[in-house]
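Down below is the structure, laid out as structure tokens.
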Amino acid sequence: MDYNKLTPEMLSELSRIAGAENVLSGQSIGADMCHDERPLYGTAVPEAVVYVQDEEQVSELLRLCSAARLPVTVRGAGTGLVGGCVPLMGGVVLSTERMNRILSYDMKNLTVTIEPGVLLRDLAADALSRGLMYPPDPGEKTATLGGNVATNAGGMRAVKYGVTRDYVLAMTVVLPDGRILRLGKSVCKTSSGYSLLQLMIGSEGTLGIITELSLKLVAKPEMDVSLILPYESLETGIAAVPKIKRACLEPQSIEFMDSDIVDLSSAFSGKRIFPAELKGRRVGACILVTFTGASEDELYSKMEKLDSIGLESGAMDTLVVDTPNLKKEVWAARSAFLTAVEAQSSLLDEMDVVVPVDKIAEFLVYVREEGEKFGLVIRAFGHAGDGNLHIYSTSEEYGREEFLRRNEQLMDRCYEKCREIGGQVSGEHAIGHAKKRYLRESVGETAYELMDAIKQVFDPKGILNPGKVCR
């Protein structure tokens, strides 16, 4: 699709709309605005960056860019991992990071209304201070809520609470031609026509730009406890997960990590948190489970049941994370896995696949075997409770071009295997431009054509985040 270039007259108009102090162009645009957290998926320099302050500025900017056929790429904190905020076609990067106000709480209906630039960590902390909790818990706490909604981010608590999609009640969105659309209401359920709200969630800034969100909250749990179940093999540990889920324990999270990622993380941090050996036997993998409850008796009952499941399923022990400091260290270690992988190699790619829970071990074995064939090192961890795997292909041996060649062949085979066992391309990181080909292969031509047709209805000129998802 052909786009126009930014003219001096249009740059002047952008400055009028947002204020000259909120517009960058030329050499004033920093490198950070040209890529996301996975530079492997490319960089592209925009012609201008505009820090918008409010909905009216967004609307006026889009009217201007639509009339001029100038591409617009919306950007939050830039923490994405699939090249979703890379301005592939140049044009304007529209940054929402200064639209960062928590606007209001409705304590009777347990909702909060915010601007899209509010950081996840800030909303989480603010809600907790009021005795409430925002349940979605993606690993990157410095991401914006607008970005979380645009990618339907998941996280470690999804097994109990669901993902971002399940907590969005209403939003205001600006369409590519500048029209302002208010979707949803702050009500718990609806059966009122096609759900344009749900369509907008996960659309990655390709259909409209979010300017306000109303989110559902829950009461803060009274207390919680985490437990580690060490196993001699990942296959044995994963086999226990369905048993945990069937036991009516309502775990808040069920995470898995194999010994390789634990060893790597320990070497990186200089601290061993998860066990490497128990009673003279090597630990092959760990399952980390968290429960919430209203009383110590309730938590103790859940812990006893989990211990029984562990014994029956071959766990080497049941380790209770029983102090605030230890709990903090365990979850900090879990959250640092990606940092440890990145520190080991600058050349890495990720599969954010989701597969049926009973296929996790089978898929991981396959990926490791294929990785060995191509001379690539595989690191893996993820959300055992919902089958969402974070699998990293890394190399310290090859140069960039050779790594990319080998990695592409590996990814082709692994995504094909994912389809064969009933999985999907992405569980929570979305598609961006990095995974477009695999999405098409996964959903099939009919579904892909329908996605493309939806994009055409919302954005006939194709100016919003071009090159992402399906166009």
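Identifiers in the structure tokens: chain A, B, ... in order shown; residue index from 1 per chain; ligand index from 1 in order shown.
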
Could you give me, as JSON lines, a per-residue list for segment 117-172 of chain A showing, wherever an atom lies at most 7 Å from an atom of segment 253-266 of chain A, the closest pair of atoms and their distance in Å to one decimal, using only C-alpha atoms and sorting by chain then residue number from low to high?
```
{"residue": "A:Met156", "atom": "CA", "partner": "A:Ser253", "partner_atom": "CA", "distance": 5.6}
{"residue": "A:Arg157", "atom": "CA", "partner": "A:Ser253", "partner_atom": "CA", "distance": 4.9}
{"residue": "A:Val159", "atom": "CA", "partner": "A:Ser253", "partner_atom": "CA", "distance": 5.8}
{"residue": "A:Lys160", "atom": "CA", "partner": "A:Ser253", "partner_atom": "CA", "distance": 6.8}
```

File of the preceding selection, all heavy atoms, as a CSV table (one decimal), in the first residue's frame:
```csv
chain,number,residue,atom,x,y,z
A,156,MET,N,0.8,-14.8,34.8
A,156,MET,CA,0.9,-16.0,35.7
A,156,MET,C,-0.4,-16.3,36.4
A,156,MET,O,-0.7,-17.4,36.8
A,156,MET,CB,2.0,-15.9,36.6
A,156,MET,CG,3.4,-16.0,36.0
A,156,MET,SD,4.8,-15.7,37.0
A,156,MET,CE,5.0,-13.9,36.9
A,157,ARG,N,-1.3,-15.3,36.6
A,157,ARG,CA,-2.5,-15.6,37.3
A,157,ARG,C,-3.7,-16.0,36.4
A,157,ARG,O,-4.8,-16.1,36.9
A,157,ARG,CB,-2.9,-14.3,38.1
A,157,ARG,CG,-1.9,-14.0,39.2
A,157,ARG,CD,-2.4,-13.1,40.3
A,157,ARG,NE,-2.7,-11.8,39.9
A,157,ARG,CZ,-2.2,-10.7,40.4
A,157,ARG,NH1,-1.3,-10.8,41.4
A,157,ARG,NH2,-2.5,-9.5,40.0
A,159,VAL,N,-4.5,-18.7,35.0
A,159,VAL,CA,-5.2,-20.0,35.3
A,159,VAL,C,-6.4,-19.9,36.2
A,159,VAL,O,-7.4,-20.6,36.1
A,159,VAL,CB,-4.1,-21.0,35.8
A,159,VAL,CG1,-3.7,-20.6,37.2
A,159,VAL,CG2,-4.7,-22.4,35.9
A,160,LYS,N,-6.4,-18.9,37.1
A,160,LYS,CA,-7.5,-18.7,38.0
A,160,LYS,C,-8.4,-17.5,37.5
A,160,LYS,O,-9.6,-17.7,37.5
A,160,LYS,CB,-7.0,-18.4,39.4
A,160,LYS,CG,-8.2,-18.1,40.4
A,160,LYS,CD,-7.8,-18.0,41.8
A,160,LYS,CE,-9.0,-17.8,42.7
A,160,LYS,NZ,-8.6,-17.7,44.1
```

* To do: Could you give me, as a list of chain:residue names, the residues within 8 Å of segment 304-309 of chain A, counting only C-alpha atoms and dropping anything in the same chain fewer than 6 positions from it?
  =>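 The residues that qualify are A:Ala240, A:Lys243, A:Ile244, A:Ala247, A:Thr318.
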
* Asked: How many Å separate atom CA of Leu24 of chain A from atom CA of Val50 of chain A?
  ->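 The value is 6.6 Å.
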
* To do: Find, counting only C-alpha atoms, the residue in A:Leu215, A:Met351, A:Ala340, A:Leu207 that gets nearest to Met451 of chain A.
  => A:Leu207

Give me the residues of segment 78-125 of chain A that have any atom at most 12 Å from an atom of segment 28-32 of chain A; for each, the nearest atom pair and the distance in Å, rounded to one decimal. Use only C-alpha atoms, sort by chain and number, and format it as a Markdown table.
```
| residue | atom | partner | partner_atom | distance |
| --- | --- | --- | --- | --- |
| A:Gly78 | CA | A:Asp32 | CA | 8.2 |
| A:Thr79 | CA | A:Asp32 | CA | 10.5 |
| A:Cys85 | CA | A:Asp32 | CA | 10.8 |
| A:Val86 | CA | A:Asp32 | CA | 10.0 |
| A:Pro87 | CA | A:Asp32 | CA | 11.7 |
| A:Val92 | CA | A:Ile29 | CA | 11.2 |
| A:Val93 | CA | A:Ile29 | CA | 10.3 |
```

Take the residues that were just selected and, keeping N, CA, C and O atoms, output them as a short mmCIF file (atom, residue, chain, number, x, y, z; two decimals), in the first residue's frame.
```cif
data_model
loop_
_atom_site.label_atom_id
_atom_site.label_comp_id
_atom_site.auth_asym_id
_atom_site.auth_seq_id
_atom_site.Cartn_x
_atom_site.Cartn_y
_atom_site.Cartn_z
N GLY A 78 6.46 0.46 24.79
CA GLY A 78 7.41 -0.19 23.89
C GLY A 78 7.97 -1.48 24.42
O GLY A 78 9.06 -1.91 24.02
N THR A 79 7.23 -2.17 25.32
CA THR A 79 7.74 -3.40 25.94
C THR A 79 7.32 -4.66 25.20
O THR A 79 7.55 -5.76 25.67
N CYS A 85 5.04 -2.38 17.77
CA CYS A 85 5.07 -0.92 17.75
C CYS A 85 6.17 -0.36 16.86
O CYS A 85 6.49 0.82 16.91
N VAL A 86 6.76 -1.21 16.02
CA VAL A 86 7.79 -0.75 15.09
C VAL A 86 7.10 -0.04 13.91
O VAL A 86 6.25 -0.63 13.25
N PRO A 87 7.46 1.20 13.63
CA PRO A 87 6.81 1.94 12.54
C PRO A 87 7.35 1.52 11.17
O PRO A 87 8.15 2.23 10.55
N VAL A 92 4.02 8.55 11.44
CA VAL A 92 3.95 9.11 12.79
C VAL A 92 3.86 8.00 13.83
O VAL A 92 3.04 7.09 13.70
N VAL A 93 4.69 8.08 14.85
CA VAL A 93 4.49 7.28 16.05
C VAL A 93 3.68 8.12 17.03
O VAL A 93 4.09 9.22 17.40
#
```

* Asked: Please, which residues of segment 310-462 of chain A, numbered as in this document, come out strand (DSSP E or B) from DSSP, as a PyMOL selection string?
  -> chain A and resi 319-321+347-351+354+377-383+388-395+424

* Apply DSSP to the structure's backbone, then extract all residues of segment 66-307 of chain A labelled alpha helix (DSSP H) and return them as a count of residues only. => 65

* Can you tell me, as a ChimeraX atom specification, what residues are no more than 12 Å from Leu410 of chain A when counting only C-alpha atoms, ignoring any on the same chain fewer than 2 positions away? -> /A:349-351,366-378,391-394,403-408,412-417

* **Leu278 of chain A environment, 10 Å, only C-alpha atoms, sequence neighbours closer than 4 positions dropped, as an MDAnalysis selection string** => chainID A and resid 230:232 282:283 316:317
